[in-house]
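Undergrad: Please read through the structure below; I'll follow up with questions.
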Amino acid sequence: MIKNNNSKVTSKLAKRSFNANKTRNIFALLAIVLTTILFTSVFTIGASIIDSTQAATMRMVGSKAHGGFKYLTKEETDKLKQHPLIKEWGTTIIITDLENKELRSRPVEIRYVDENWAKWGFCMPTTGKIPEKENEIATATWVLDMLNVPHKVGEKVTLEYSIMDEKYTKSFVLSGFWEGDKEVAVAEMALVSMDFVDKYLKDIDLVESKDYGKYTGLRDLVVMFDNVKDTKNNLAQIVEDTGIDFSEERYAVNWAYLATYEVDLSNVIPFVIIALLIMCSGYLLIYNIFYISVVRDTKYYGLLKTIGTTKKQLKGIIRRQALMLSLIGIPIGLFSGYFIGSYLVPMVMSTSNIKQDTTISISPIIFIGSAFFSLITVYLSSSKPGKIASKVSPIEAVRYTGIEIKNKRGVKKSKSGAKLHKMAFSNIFRNKKKAFILLASLSLSVILFSFITNLLGSFNIDLYLQDRIRGDIVIADYSYFGKGSYTGADTVDEKMYNELKSIEGVERIDRIYCKFANDMIDARKLDVMKKASINEKSVEDNMKNIDKVSVKLYGLDTGCMDMYNKNTTIRGEFDLQKFLTGNYVLISQSYGCDYYDVGDKITLNLENGEEKTFEVMALVKVVYTFDVGWYYPTEYRAYIPSSVFTSFVEKPEIMTAQIFIDKEKASYIENSIKEIKKTNGNLEYRSKEDFIKEYENFTTTFSIIGYSLSAVIFIIGLMNFINTMLTSIITRKQEFAMLEGVGMTRGQLLKMLTFEGVYYALITIAIVLTLGIIIISFGINSLSSSIAFFQYSFNIMPIALSGLVIMISACLIPRLCYNSISRYSIIERLRESE
């Protein structure tokens, strides 16, 4: 058999078929564009979140380097630097922390750094230079602001610090500065010169420094390798080759790069689900478009087979047409999707804890990945219709009319005659596959729209505010707001409390005190810890040298106590009068460490030796307004009245002051608070309106993203419906001509077609009201556990509105489609060959 190369003929046939199917091309092109837009926008958002998170993590860690080694001597540092795996390195010498009272709330470390460390560690001066002389200093602008030093090279900077317990107060000259990250970095840097190190650290005993945990004079080394993916193995190899005795905590991979090769499935799964959802929606539409096109052109493909076209060539014709559409649609979708994604990224990041400028990713993976998944979707969507076209029998194709008769006798019996609604119901299931795809596409779009709407409707602003503010204004150390983890560095003292209370219009102030206390460990507590831990041996080893359990002790003013009710009480019953006697305590236990039950006695110990015994009144949930925001797995929280707290604790610290005000005097009160706050620059205040705006920003962002996604998928479903109805009517025009020829009126035909559309709508609504509600409820309940201000309540309105839109479309689209063929006479339609 001689093999013919008919690729040119196949290509020509594909082009001619492509040009002849203008309506199909429009729908298919729109489908490809929409699918690519969805992929690209999701990939852009995902990649930008990764890049922004990585950048923020680098800032937090304090370095861009791949990894590093800690607490080294000069000899160890020099030995490590010579290893061939290390391509670049940077070093720093640890000196001490600043002790200026203005900087109590934020650690600022005095260090010597080389150029690479400064460059990678976000402390390279943008104005001026790294210190070179013994009396020069360089630091961040926010540190200068706290010290009231102008941003000007040559300014005098007075710093207080201790080196191995010897205190110093020294005047430096500012050699340079940079924009710091007060909200992100764990610690800021104050850079000194090597001359400073030589003068003040020359007699330091490094062994003693390390044993005391000060690490003054020791060095850190950060390194860069050829490939970040090999960092973990490279670090281990270097340790082995150099023979330096390292404990695991002294060398590590930069956290920011862990996501590069250690994927957290909990972060990946949502994007996988979204990608599959997009593929499914795009597949349903594109497949249906090509499937209907193939069915409509059955005679055409049959005739091609009669003249010798092979199955492979027929498949090629379909795929070439799909490729031609992809070459147009995918670039449009990539450009549009990236623009939309870039617009949405800042909105998404505004709801996160990342406190720096958002990074819009320009990774090629966004475009390569989006184009790849779009092509896969188009390929899969066109493959099945291609197979159908290749299996067309030439003889059956010539006789094909677009009607599938399953009844062997070709006659359907009826006792009541031909009813229009019955004919319509039979028509939609003549091609079960087409009906299934259309119903799946419509149902999916309505389910997603309803899911997003119900999710948004379940956000509860009262629960949101409850976890953030009690009164109308809250004032506390800035760390209470910035990181969500109160450090206790600066507090509202009693003098400030009295000043705030004396402001005209302040109705009441509820104080929440905080102190770290201890509870003695015993065999029972140790047993509880073991049972709560995955690794019992690890717990037992860690507990050998520990004789206490940490306790976060809180003192609450009487106004705070209305929070403890049936919703916040796990076990026991809150009795205000008994609680105010000072003999009782409320406790909150987490992570399975249930040390106590109602009625048990607790003896709490303070650092100064004070101790007091309480009886457990109730086990309660955490009210985050009364919380420092960080927690150890083995500790618990304890709550007592503020009057008892202040008599028990030697130096009581007010964590937050919740201020209730006369709303009409809000402006005056806020200005007064600003004046009082000037005495302590580390204190901040927020109003209830600030938190309401924060809530609205979050829900607005979520709404835009959620509704955009569901709207596109709903449009895809609606396009599928329109395309199905349109092609169904065009394909059946001879059938309609025959029906009109035997007496059916135009009005009856339109009524039958309307019934078909209405049946599609009703079946879609039925699917959503049964299977859809189960999916929606399961999905929302799965998410609700991770959202504290979430209170699920099902809303039927999204389904009702979607059903109404589909119903209206079902009534209008058949009429519009039928008008496109009814302008021809019955004779012309009967004579027309498919």
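Labels for the structure tokens follow display order: chains A, B, ..., residues from 1 in each chain, ligands from 1.
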Select from range 645-705 of chain A everything DSSP, run on the backbone, classes as strand (DSSP E), then give the selection as a count of residues only.
TA: 13
Undergrad: I'd like the interatomic distance between CA of Lys152 in chain A and CA of Glu136 in chain A, to a tenth of an Å.
TA: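 Interatomic distance here is 13.2 Å.
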Undergrad: What is the distance, in Å and to one decimal place, between CA of Phe172 in chain A and CA of Asn135 in chain A?
TA: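 These atoms are spaced 5.0 Å apart.
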Undergrad: Between A:Gln313, A:Thr625, A:Asn795, A:Thr141, which has the minimum distance to Lys12 in chain A (counting only C-alpha atoms)?
TA: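 Smallest distance to Lys12 in chain A is found for A:Gln313.
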Undergrad: If you count only C-alpha atoms, which residues fall within 6 Å of range 683-691 of chain A, apart from same-chain ones fewer than 6 positions away, as a list in words?
TA: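 What passes the distance filter is Asp472, Ile473, Val474, Ile475, Ala476, Asp477 and Tyr478 of chain A.
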Undergrad: Within 12 Å of range 699-711 of chain A, counting only C-alpha atoms, which residues show up once you throw out same-chain ones fewer than 6 positions away? Write them as a short mmCIF file (atom, residue, chain, number, x, y, z; two decimals) with all heavy atoms, in the first residue's frame, please.
TA:
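Contents of result.cif, freshly written:
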```cif
data_model
loop_
_atom_site.label_atom_id
_atom_site.label_comp_id
_atom_site.auth_asym_id
_atom_site.auth_seq_id
_atom_site.Cartn_x
_atom_site.Cartn_y
_atom_site.Cartn_z
N LEU A 34 -12.07 33.12 27.67
CA LEU A 34 -12.52 33.13 29.05
C LEU A 34 -11.75 32.11 29.90
O LEU A 34 -11.34 32.39 31.03
CB LEU A 34 -14.03 32.84 29.13
CG LEU A 34 -14.95 33.96 28.66
CD1 LEU A 34 -16.39 33.47 28.62
CD2 LEU A 34 -14.84 35.18 29.56
N THR A 35 -11.55 30.92 29.34
CA THR A 35 -10.81 29.88 30.06
C THR A 35 -9.38 30.33 30.33
O THR A 35 -8.86 30.17 31.43
CB THR A 35 -10.81 28.57 29.25
OG1 THR A 35 -12.16 28.16 29.02
CG2 THR A 35 -10.07 27.47 29.99
N ILE A 37 -8.26 33.44 30.43
CA ILE A 37 -8.31 34.55 31.40
C ILE A 37 -8.36 34.01 32.82
O ILE A 37 -7.63 34.48 33.71
CB ILE A 37 -9.52 35.46 31.12
CG1 ILE A 37 -9.26 36.34 29.90
CG2 ILE A 37 -9.84 36.34 32.33
CD1 ILE A 37 -10.46 37.17 29.46
N LEU A 38 -9.21 33.02 33.04
CA LEU A 38 -9.33 32.43 34.38
C LEU A 38 -8.01 31.82 34.82
O LEU A 38 -7.54 32.05 35.94
CB LEU A 38 -10.44 31.38 34.40
CG LEU A 38 -11.88 31.92 34.36
CD1 LEU A 38 -12.86 30.77 34.23
CD2 LEU A 38 -12.19 32.72 35.61
N PHE A 39 -7.41 31.01 33.96
CA PHE A 39 -6.12 30.39 34.30
C PHE A 39 -5.06 31.45 34.60
O PHE A 39 -4.36 31.38 35.61
CB PHE A 39 -5.63 29.50 33.15
CG PHE A 39 -6.21 28.12 33.16
CD1 PHE A 39 -6.86 27.62 32.04
CD2 PHE A 39 -6.08 27.30 34.27
CE1 PHE A 39 -7.39 26.33 32.04
CE2 PHE A 39 -6.60 26.02 34.27
CZ PHE A 39 -7.26 25.53 33.15
N SER A 41 -5.29 34.71 35.38
CA SER A 41 -5.52 35.55 36.57
C SER A 41 -5.26 34.77 37.85
O SER A 41 -4.65 35.30 38.79
CB SER A 41 -6.96 36.09 36.56
OG SER A 41 -7.90 35.04 36.49
N VAL A 42 -5.68 33.50 37.89
CA VAL A 42 -5.42 32.66 39.07
C VAL A 42 -3.92 32.42 39.24
O VAL A 42 -3.39 32.51 40.35
CB VAL A 42 -6.19 31.33 38.98
CG1 VAL A 42 -5.74 30.35 40.07
CG2 VAL A 42 -7.69 31.57 39.11
N ILE A 45 -2.25 35.67 40.47
CA ILE A 45 -2.51 35.89 41.90
C ILE A 45 -1.66 34.92 42.73
O ILE A 45 -1.00 35.31 43.70
CB ILE A 45 -4.00 35.72 42.22
CG1 ILE A 45 -4.81 36.85 41.58
CG2 ILE A 45 -4.24 35.69 43.73
CD1 ILE A 45 -6.31 36.64 41.61
N ILE A 274 -9.19 25.15 42.15
CA ILE A 274 -9.62 26.23 41.24
C ILE A 274 -9.23 25.90 39.81
O ILE A 274 -10.03 26.08 38.88
CB ILE A 274 -9.01 27.58 41.68
CG1 ILE A 274 -9.62 28.02 43.01
CG2 ILE A 274 -9.25 28.64 40.61
CD1 ILE A 274 -8.96 29.23 43.62
N ALA A 275 -7.99 25.40 39.61
CA ALA A 275 -7.54 25.05 38.26
C ALA A 275 -8.42 23.95 37.66
O ALA A 275 -8.79 24.02 36.48
CB ALA A 275 -6.08 24.60 38.30
N LEU A 277 -11.48 23.29 38.50
CA LEU A 277 -12.80 23.88 38.27
C LEU A 277 -12.83 24.65 36.96
O LEU A 277 -13.77 24.54 36.17
CB LEU A 277 -13.15 24.82 39.43
CG LEU A 277 -14.57 25.38 39.48
CD1 LEU A 277 -15.58 24.27 39.66
CD2 LEU A 277 -14.70 26.39 40.61
N ILE A 278 -11.75 25.42 36.71
CA ILE A 278 -11.66 26.17 35.45
C ILE A 278 -11.59 25.21 34.27
O ILE A 278 -12.27 25.40 33.25
CB ILE A 278 -10.42 27.09 35.46
CG1 ILE A 278 -10.58 28.17 36.54
CG2 ILE A 278 -10.21 27.75 34.10
CD1 ILE A 278 -9.30 28.94 36.82
N SER A 281 -15.01 23.69 33.68
CA SER A 281 -15.95 24.64 33.06
C SER A 281 -15.60 24.88 31.60
O SER A 281 -16.47 24.87 30.73
CB SER A 281 -15.93 25.97 33.83
OG SER A 281 -16.26 25.77 35.17
N GLY A 337 -5.95 38.22 31.16
CA GLY A 337 -5.89 37.56 32.46
C GLY A 337 -4.81 38.13 33.35
O GLY A 337 -5.01 38.29 34.56
N ILE A 340 -6.01 41.50 34.66
CA ILE A 340 -7.01 41.32 35.71
C ILE A 340 -6.35 40.80 37.00
O ILE A 340 -6.63 41.28 38.10
CB ILE A 340 -8.12 40.34 35.24
CG1 ILE A 340 -8.92 40.98 34.10
CG2 ILE A 340 -9.04 39.95 36.39
CD1 ILE A 340 -9.84 40.01 33.38
N GLY A 341 -5.47 39.80 36.86
CA GLY A 341 -4.78 39.25 38.01
C GLY A 341 -3.95 40.29 38.74
O GLY A 341 -3.95 40.37 39.97
N TYR A 343 -4.44 43.44 38.81
CA TYR A 343 -5.36 44.37 39.48
C TYR A 343 -5.87 43.78 40.80
O TYR A 343 -6.05 44.49 41.79
CB TYR A 343 -6.53 44.68 38.55
CG TYR A 343 -7.61 45.55 39.16
CD1 TYR A 343 -7.41 46.92 39.31
CD2 TYR A 343 -8.80 45.00 39.60
CE1 TYR A 343 -8.38 47.72 39.88
CE2 TYR A 343 -9.79 45.79 40.18
CZ TYR A 343 -9.58 47.16 40.32
OH TYR A 343 -10.55 47.94 40.89
N LEU A 344 -6.09 42.46 40.80
CA LEU A 344 -6.66 41.81 41.98
C LEU A 344 -5.62 41.50 43.06
O LEU A 344 -5.97 41.39 44.24
CB LEU A 344 -7.37 40.52 41.57
CG LEU A 344 -8.61 40.65 40.70
CD1 LEU A 344 -9.13 39.28 40.29
CD2 LEU A 344 -9.71 41.42 41.45
N VAL A 345 -4.34 41.34 42.67
CA VAL A 345 -3.30 40.95 43.64
C VAL A 345 -3.24 41.88 44.85
O VAL A 345 -3.26 41.42 45.99
CB VAL A 345 -1.92 40.84 42.96
CG1 VAL A 345 -0.80 40.77 44.00
CG2 VAL A 345 -1.86 39.59 42.10
N PRO A 346 -3.15 43.22 44.66
CA PRO A 346 -3.09 44.10 45.84
C PRO A 346 -4.31 43.95 46.75
O PRO A 346 -4.19 44.08 47.97
CB PRO A 346 -3.04 45.51 45.23
CG PRO A 346 -2.50 45.31 43.86
CD PRO A 346 -3.05 43.99 43.41
N MET A 347 -5.45 43.67 46.16
CA MET A 347 -6.66 43.49 46.95
C MET A 347 -6.58 42.22 47.78
O MET A 347 -6.97 42.20 48.94
CB MET A 347 -7.89 43.46 46.03
CG MET A 347 -8.01 44.68 45.13
SD MET A 347 -9.40 44.60 44.01
CE MET A 347 -10.74 44.91 45.12
N VAL A 348 -6.05 41.16 47.16
CA VAL A 348 -5.89 39.90 47.89
C VAL A 348 -4.88 40.08 49.02
O VAL A 348 -5.11 39.66 50.16
CB VAL A 348 -5.41 38.78 46.94
CG1 VAL A 348 -5.12 37.51 47.71
CG2 VAL A 348 -6.47 38.51 45.87
N MET A 349 -3.74 40.72 48.72
CA MET A 349 -2.68 40.88 49.71
C MET A 349 -3.09 41.81 50.84
O MET A 349 -2.55 41.73 51.94
CB MET A 349 -1.41 41.41 49.03
CG MET A 349 -0.82 40.46 47.99
SD MET A 349 -0.52 38.79 48.62
CE MET A 349 0.69 39.12 49.87
N SER A 350 -4.04 42.71 50.59
CA SER A 350 -4.47 43.63 51.65
C SER A 350 -5.16 42.89 52.78
O SER A 350 -5.28 43.40 53.89
CB SER A 350 -5.43 44.68 51.07
OG SER A 350 -6.65 44.09 50.66
N THR A 351 -5.63 41.66 52.52
CA THR A 351 -6.29 40.87 53.56
C THR A 351 -5.30 39.98 54.30
O THR A 351 -5.68 39.28 55.23
CB THR A 351 -7.38 39.99 52.94
OG1 THR A 351 -6.78 39.02 52.07
CG2 THR A 351 -8.37 40.80 52.16
N SER A 352 -4.02 39.98 53.87
CA SER A 352 -3.03 39.11 54.51
C SER A 352 -2.29 39.87 55.60
O SER A 352 -2.52 41.05 55.82
CB SER A 352 -2.04 38.58 53.47
OG SER A 352 -1.17 39.62 53.06
N LEU A 442 -24.41 24.28 33.30
CA LEU A 442 -25.32 25.23 33.95
C LEU A 442 -25.33 25.04 35.47
O LEU A 442 -25.27 26.00 36.24
CB LEU A 442 -26.73 25.08 33.40
CG LEU A 442 -27.03 25.72 32.04
CD1 LEU A 442 -28.41 25.32 31.55
CD2 LEU A 442 -26.92 27.24 32.12
N SER A 443 -25.41 23.78 35.90
CA SER A 443 -25.47 23.48 37.34
C SER A 443 -24.20 23.93 38.05
O SER A 443 -24.25 24.51 39.14
CB SER A 443 -25.69 21.98 37.57
OG SER A 443 -26.89 21.55 36.98
N LEU A 444 -23.05 23.67 37.42
CA LEU A 444 -21.78 24.06 38.02
C LEU A 444 -21.70 25.57 38.22
O LEU A 444 -21.26 26.05 39.27
CB LEU A 444 -20.63 23.60 37.11
CG LEU A 444 -19.21 23.92 37.59
CD1 LEU A 444 -18.90 23.18 38.88
CD2 LEU A 444 -18.19 23.56 36.52
N SER A 445 -22.14 26.32 37.23
CA SER A 445 -22.08 27.78 37.34
C SER A 445 -22.99 28.29 38.45
O SER A 445 -22.62 29.18 39.21
CB SER A 445 -22.44 28.43 36.00
OG SER A 445 -23.74 28.08 35.61
N VAL A 446 -24.19 27.74 38.56
CA VAL A 446 -25.13 28.17 39.60
C VAL A 446 -24.63 27.77 40.99
O VAL A 446 -24.71 28.54 41.95
CB VAL A 446 -26.54 27.58 39.36
CG1 VAL A 446 -27.49 27.97 40.49
CG2 VAL A 446 -27.09 28.07 38.03
N ILE A 447 -24.06 26.55 41.10
CA ILE A 447 -23.53 26.08 42.38
C ILE A 447 -22.40 26.99 42.86
O ILE A 447 -22.35 27.38 44.03
CB ILE A 447 -23.06 24.62 42.28
CG1 ILE A 447 -24.27 23.68 42.14
CG2 ILE A 447 -22.22 24.21 43.49
CD1 ILE A 447 -23.92 22.25 41.79
N LEU A 448 -21.49 27.33 41.95
CA LEU A 448 -20.36 28.19 42.32
C LEU A 448 -20.85 29.57 42.74
O LEU A 448 -20.40 30.12 43.76
CB LEU A 448 -19.38 28.31 41.16
CG LEU A 448 -18.15 29.18 41.45
CD1 LEU A 448 -17.31 28.57 42.56
CD2 LEU A 448 -17.30 29.36 40.20
N PHE A 449 -21.77 30.14 41.97
CA PHE A 449 -22.31 31.47 42.31
C PHE A 449 -22.98 31.44 43.68
O PHE A 449 -22.78 32.33 44.51
CB PHE A 449 -23.31 31.90 41.23
CG PHE A 449 -23.99 33.21 41.53
CD1 PHE A 449 -23.27 34.41 41.46
CD2 PHE A 449 -25.33 33.26 41.87
CE1 PHE A 449 -23.88 35.62 41.73
CE2 PHE A 449 -25.94 34.47 42.15
CZ PHE A 449 -25.23 35.64 42.09
N SER A 450 -23.77 30.41 43.94
CA SER A 450 -24.45 30.28 45.22
C SER A 450 -23.46 30.06 46.36
O SER A 450 -23.62 30.59 47.46
CB SER A 450 -25.44 29.12 45.16
OG SER A 450 -26.15 29.01 46.38
N PHE A 451 -22.40 29.29 46.07
CA PHE A 451 -21.37 29.03 47.08
C PHE A 451 -20.70 30.33 47.51
O PHE A 451 -20.56 30.61 48.71
CB PHE A 451 -20.33 28.06 46.52
CG PHE A 451 -19.14 27.85 47.41
CD1 PHE A 451 -19.21 26.97 48.47
CD2 PHE A 451 -17.96 28.54 47.18
CE1 PHE A 451 -18.11 26.77 49.30
CE2 PHE A 451 -16.86 28.35 48.00
CZ PHE A 451 -16.94 27.46 49.06
N ILE A 452 -20.28 31.13 46.52
CA ILE A 452 -19.60 32.40 46.83
C ILE A 452 -20.54 33.32 47.59
O ILE A 452 -20.15 33.94 48.59
CB ILE A 452 -19.13 33.09 45.53
CG1 ILE A 452 -18.07 32.24 44.81
CG2 ILE A 452 -18.59 34.48 45.82
CD1 ILE A 452 -16.78 32.09 45.55
N THR A 453 -21.78 33.43 47.15
CA THR A 453 -22.74 34.32 47.80
C THR A 453 -23.02 33.89 49.23
O THR A 453 -23.05 34.73 50.15
CB THR A 453 -24.06 34.35 47.00
OG1 THR A 453 -23.77 34.70 45.64
CG2 THR A 453 -25.02 35.37 47.58
N ASN A 454 -23.20 32.59 49.45
CA ASN A 454 -23.45 32.10 50.81
C ASN A 454 -22.24 32.27 51.70
O ASN A 454 -22.37 32.55 52.90
CB ASN A 454 -23.88 30.63 50.76
CG ASN A 454 -25.36 30.46 50.51
OD1 ASN A 454 -26.18 30.56 51.41
ND2 ASN A 454 -25.72 30.21 49.26
N LEU A 455 -21.06 32.09 51.11
CA LEU A 455 -19.83 32.27 51.89
C LEU A 455 -19.71 33.71 52.36
O LEU A 455 -19.43 33.98 53.53
CB LEU A 455 -18.62 31.89 51.03
CG LEU A 455 -17.26 31.84 51.74
CD1 LEU A 455 -17.23 30.76 52.80
CD2 LEU A 455 -16.15 31.61 50.73
N LEU A 456 -19.95 34.65 51.45
CA LEU A 456 -19.86 36.06 51.81
C LEU A 456 -20.95 36.44 52.80
O LEU A 456 -20.72 37.23 53.72
CB LEU A 456 -19.98 36.93 50.55
CG LEU A 456 -18.76 36.90 49.61
CD1 LEU A 456 -19.12 37.54 48.29
CD2 LEU A 456 -17.59 37.62 50.25
N GLY A 457 -22.13 35.88 52.60
CA GLY A 457 -23.24 36.18 53.50
C GLY A 457 -23.06 35.64 54.90
O GLY A 457 -23.75 36.06 55.83
N SER A 458 -22.12 34.70 55.07
CA SER A 458 -21.90 34.09 56.38
C SER A 458 -20.82 34.81 57.18
O SER A 458 -20.59 34.46 58.34
CB SER A 458 -21.52 32.61 56.21
OG SER A 458 -22.58 31.89 55.61
N PHE A 459 -20.13 35.78 56.56
CA PHE A 459 -19.20 36.59 57.35
C PHE A 459 -20.01 37.46 58.30
O PHE A 459 -20.96 38.11 57.90
CB PHE A 459 -18.35 37.48 56.44
CG PHE A 459 -17.35 36.73 55.62
CD1 PHE A 459 -17.07 37.10 54.31
CD2 PHE A 459 -16.67 35.65 56.15
CE1 PHE A 459 -16.14 36.41 53.55
CE2 PHE A 459 -15.74 34.95 55.39
CZ PHE A 459 -15.48 35.33 54.10
N ASN A 460 -19.61 37.47 59.56
CA ASN A 460 -20.38 38.16 60.60
C ASN A 460 -19.55 39.30 61.18
O ASN A 460 -18.52 39.05 61.82
CB ASN A 460 -20.78 37.16 61.69
CG ASN A 460 -21.76 37.77 62.68
OD1 ASN A 460 -21.44 38.74 63.35
ND2 ASN A 460 -22.94 37.19 62.76
N ILE A 461 -19.99 40.53 60.96
CA ILE A 461 -19.22 41.67 61.43
C ILE A 461 -19.18 41.76 62.95
O ILE A 461 -18.18 42.19 63.54
CB ILE A 461 -19.76 42.99 60.83
CG1 ILE A 461 -18.80 44.15 61.13
CG2 ILE A 461 -21.17 43.29 61.35
CD1 ILE A 461 -19.09 45.42 60.38
N TYR A 464 -16.51 39.47 64.02
CA TYR A 464 -15.23 40.07 63.62
C TYR A 464 -14.80 41.12 64.64
O TYR A 464 -13.65 41.14 65.09
CB TYR A 464 -15.38 40.70 62.24
CG TYR A 464 -14.10 41.28 61.67
CD1 TYR A 464 -13.21 40.49 60.97
CD2 TYR A 464 -13.79 42.63 61.84
CE1 TYR A 464 -12.03 41.01 60.44
CE2 TYR A 464 -12.62 43.17 61.32
CZ TYR A 464 -11.75 42.35 60.61
OH TYR A 464 -10.59 42.87 60.10
N ILE A 692 -14.17 48.30 61.36
CA ILE A 692 -15.29 48.11 60.41
C ILE A 692 -14.78 48.30 58.98
O ILE A 692 -15.12 47.53 58.08
CB ILE A 692 -16.44 49.10 60.72
CG1 ILE A 692 -17.12 48.70 62.05
CG2 ILE A 692 -17.46 49.12 59.58
CD1 ILE A 692 -18.15 49.70 62.53
N LYS A 693 -13.93 49.32 58.76
CA LYS A 693 -13.34 49.54 57.44
C LYS A 693 -12.47 48.36 57.03
O LYS A 693 -12.46 47.94 55.87
CB LYS A 693 -12.52 50.82 57.44
CG LYS A 693 -13.36 52.10 57.49
CD LYS A 693 -12.47 53.34 57.56
CE LYS A 693 -13.31 54.60 57.68
NZ LYS A 693 -12.45 55.81 57.85
N GLY A 717 -21.45 28.92 31.35
CA GLY A 717 -22.62 28.05 31.37
C GLY A 717 -23.74 28.59 30.50
O GLY A 717 -24.39 27.84 29.76
N LEU A 718 -23.97 29.90 30.56
CA LEU A 718 -25.03 30.52 29.76
C LEU A 718 -24.70 30.46 28.27
O LEU A 718 -25.58 30.21 27.43
CB LEU A 718 -25.20 31.98 30.21
CG LEU A 718 -26.56 32.63 29.90
CD1 LEU A 718 -27.69 31.86 30.54
CD2 LEU A 718 -26.56 34.07 30.41
N MET A 719 -23.42 30.66 27.94
CA MET A 719 -22.99 30.53 26.54
C MET A 719 -23.22 29.12 26.03
O MET A 719 -23.63 28.91 24.88
CB MET A 719 -21.50 30.88 26.42
CG MET A 719 -21.19 32.37 26.43
SD MET A 719 -19.42 32.66 26.42
CE MET A 719 -18.95 31.83 24.89
N PHE A 789 -14.66 34.65 62.27
CA PHE A 789 -15.86 35.49 62.24
C PHE A 789 -16.86 34.98 61.20
O PHE A 789 -17.45 35.74 60.45
CB PHE A 789 -15.49 36.96 61.96
CG PHE A 789 -14.62 37.18 60.76
CD1 PHE A 789 -15.16 37.54 59.55
CD2 PHE A 789 -13.25 37.03 60.84
CE1 PHE A 789 -14.37 37.74 58.44
CE2 PHE A 789 -12.45 37.24 59.74
CZ PHE A 789 -13.01 37.60 58.54
N PHE A 790 -17.07 33.70 61.21
CA PHE A 790 -17.92 33.04 60.22
C PHE A 790 -19.10 32.38 60.92
O PHE A 790 -18.93 31.66 61.90
CB PHE A 790 -17.09 31.99 59.48
CG PHE A 790 -17.73 31.50 58.22
CD1 PHE A 790 -17.53 32.16 57.02
CD2 PHE A 790 -18.52 30.38 58.22
CE1 PHE A 790 -18.11 31.70 55.85
CE2 PHE A 790 -19.10 29.92 57.07
CZ PHE A 790 -18.90 30.58 55.88
N PRO A 798 -29.50 33.31 45.88
CA PRO A 798 -28.63 33.14 44.70
C PRO A 798 -29.15 32.10 43.73
O PRO A 798 -29.08 32.29 42.50
CB PRO A 798 -27.29 32.70 45.31
CG PRO A 798 -27.33 33.16 46.71
CD PRO A 798 -28.76 33.12 47.13
N SER A 802 -30.38 33.00 39.99
CA SER A 802 -29.76 32.28 38.85
C SER A 802 -30.84 31.55 38.05
O SER A 802 -30.81 31.55 36.81
CB SER A 802 -28.72 31.28 39.36
OG SER A 802 -27.73 31.93 40.10
#
```
Undergrad: May I have the residues within 6 Å of Glu134 in chain A as a ChimeraX atom specification, using only C-alpha atoms and disregarding those fewer than 3 positions away in the same chain?
TA: /A:193,195-196
Undergrad: For the selection you just gave me, I'd like the residues written to a file as a PDB file, in the first residue's frame, keeping C-alpha atoms.
TA:
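Output contents, as saved in result.pdb:
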```pdb
ATOM      1  CA  SER A 193      32.906  49.483  61.869  1.00  0.00           C
ATOM      2  CA  ASP A 195      37.591  49.542  64.211  1.00  0.00           C
ATOM      3  CA  PHE A 196      34.798  49.531  66.797  1.00  0.00           C
TER       4      PHE A 196
END
```
Undergrad: My list of candidates is A:Phe43, A:Tyr595, A:Phe660, A:Tyr168. Which is closest to Met520 in chain A when distances are computed with only C-alpha atoms?
TA: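 Of all the options, A:Tyr595 lies closest to Met520 in chain A.
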Undergrad: Would you list the contacts of Asp627 in chain A as a PyMOL selection string, taking every protein, DNA or RNA residue within 9 Å and counting only C-alpha atoms, but skipping same-chain residues closer than 4 positions in sequence?
TA: chain A and resi 485-486+512+514+552+554+622-623+637+655
Undergrad: Using the selection just defined, write its residues with C-alpha atoms as a compact mmCIF listing (two decimals), in the first residue's frame.
TA:
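Done, and the output landed in result08.txt:
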```txt
# COMPACT_ATOMS: atom_id res chain seq x y z
CA SER A 485 1.20 39.33 69.24
CA TYR A 486 1.51 41.65 72.21
CA ILE A 512 -7.30 44.02 80.44
CA CYS A 514 -1.60 40.62 81.44
CA LYS A 552 -0.90 33.56 80.58
CA TYR A 554 -5.18 38.03 82.62
CA VAL A 622 -10.51 32.15 74.03
CA VAL A 623 -11.85 35.67 73.59
CA ARG A 637 -4.71 30.89 79.88
CA MET A 655 -2.31 45.17 78.09
```
Undergrad: Counting only C-alpha atoms, which residue out of A:Val143, A:Ile428, A:Ile729, A:Ile813 sits closest to Tyr760 in chain A?
TA: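 Counting only C-alpha atoms, the residue closest to Tyr760 in chain A is A:Ile428.
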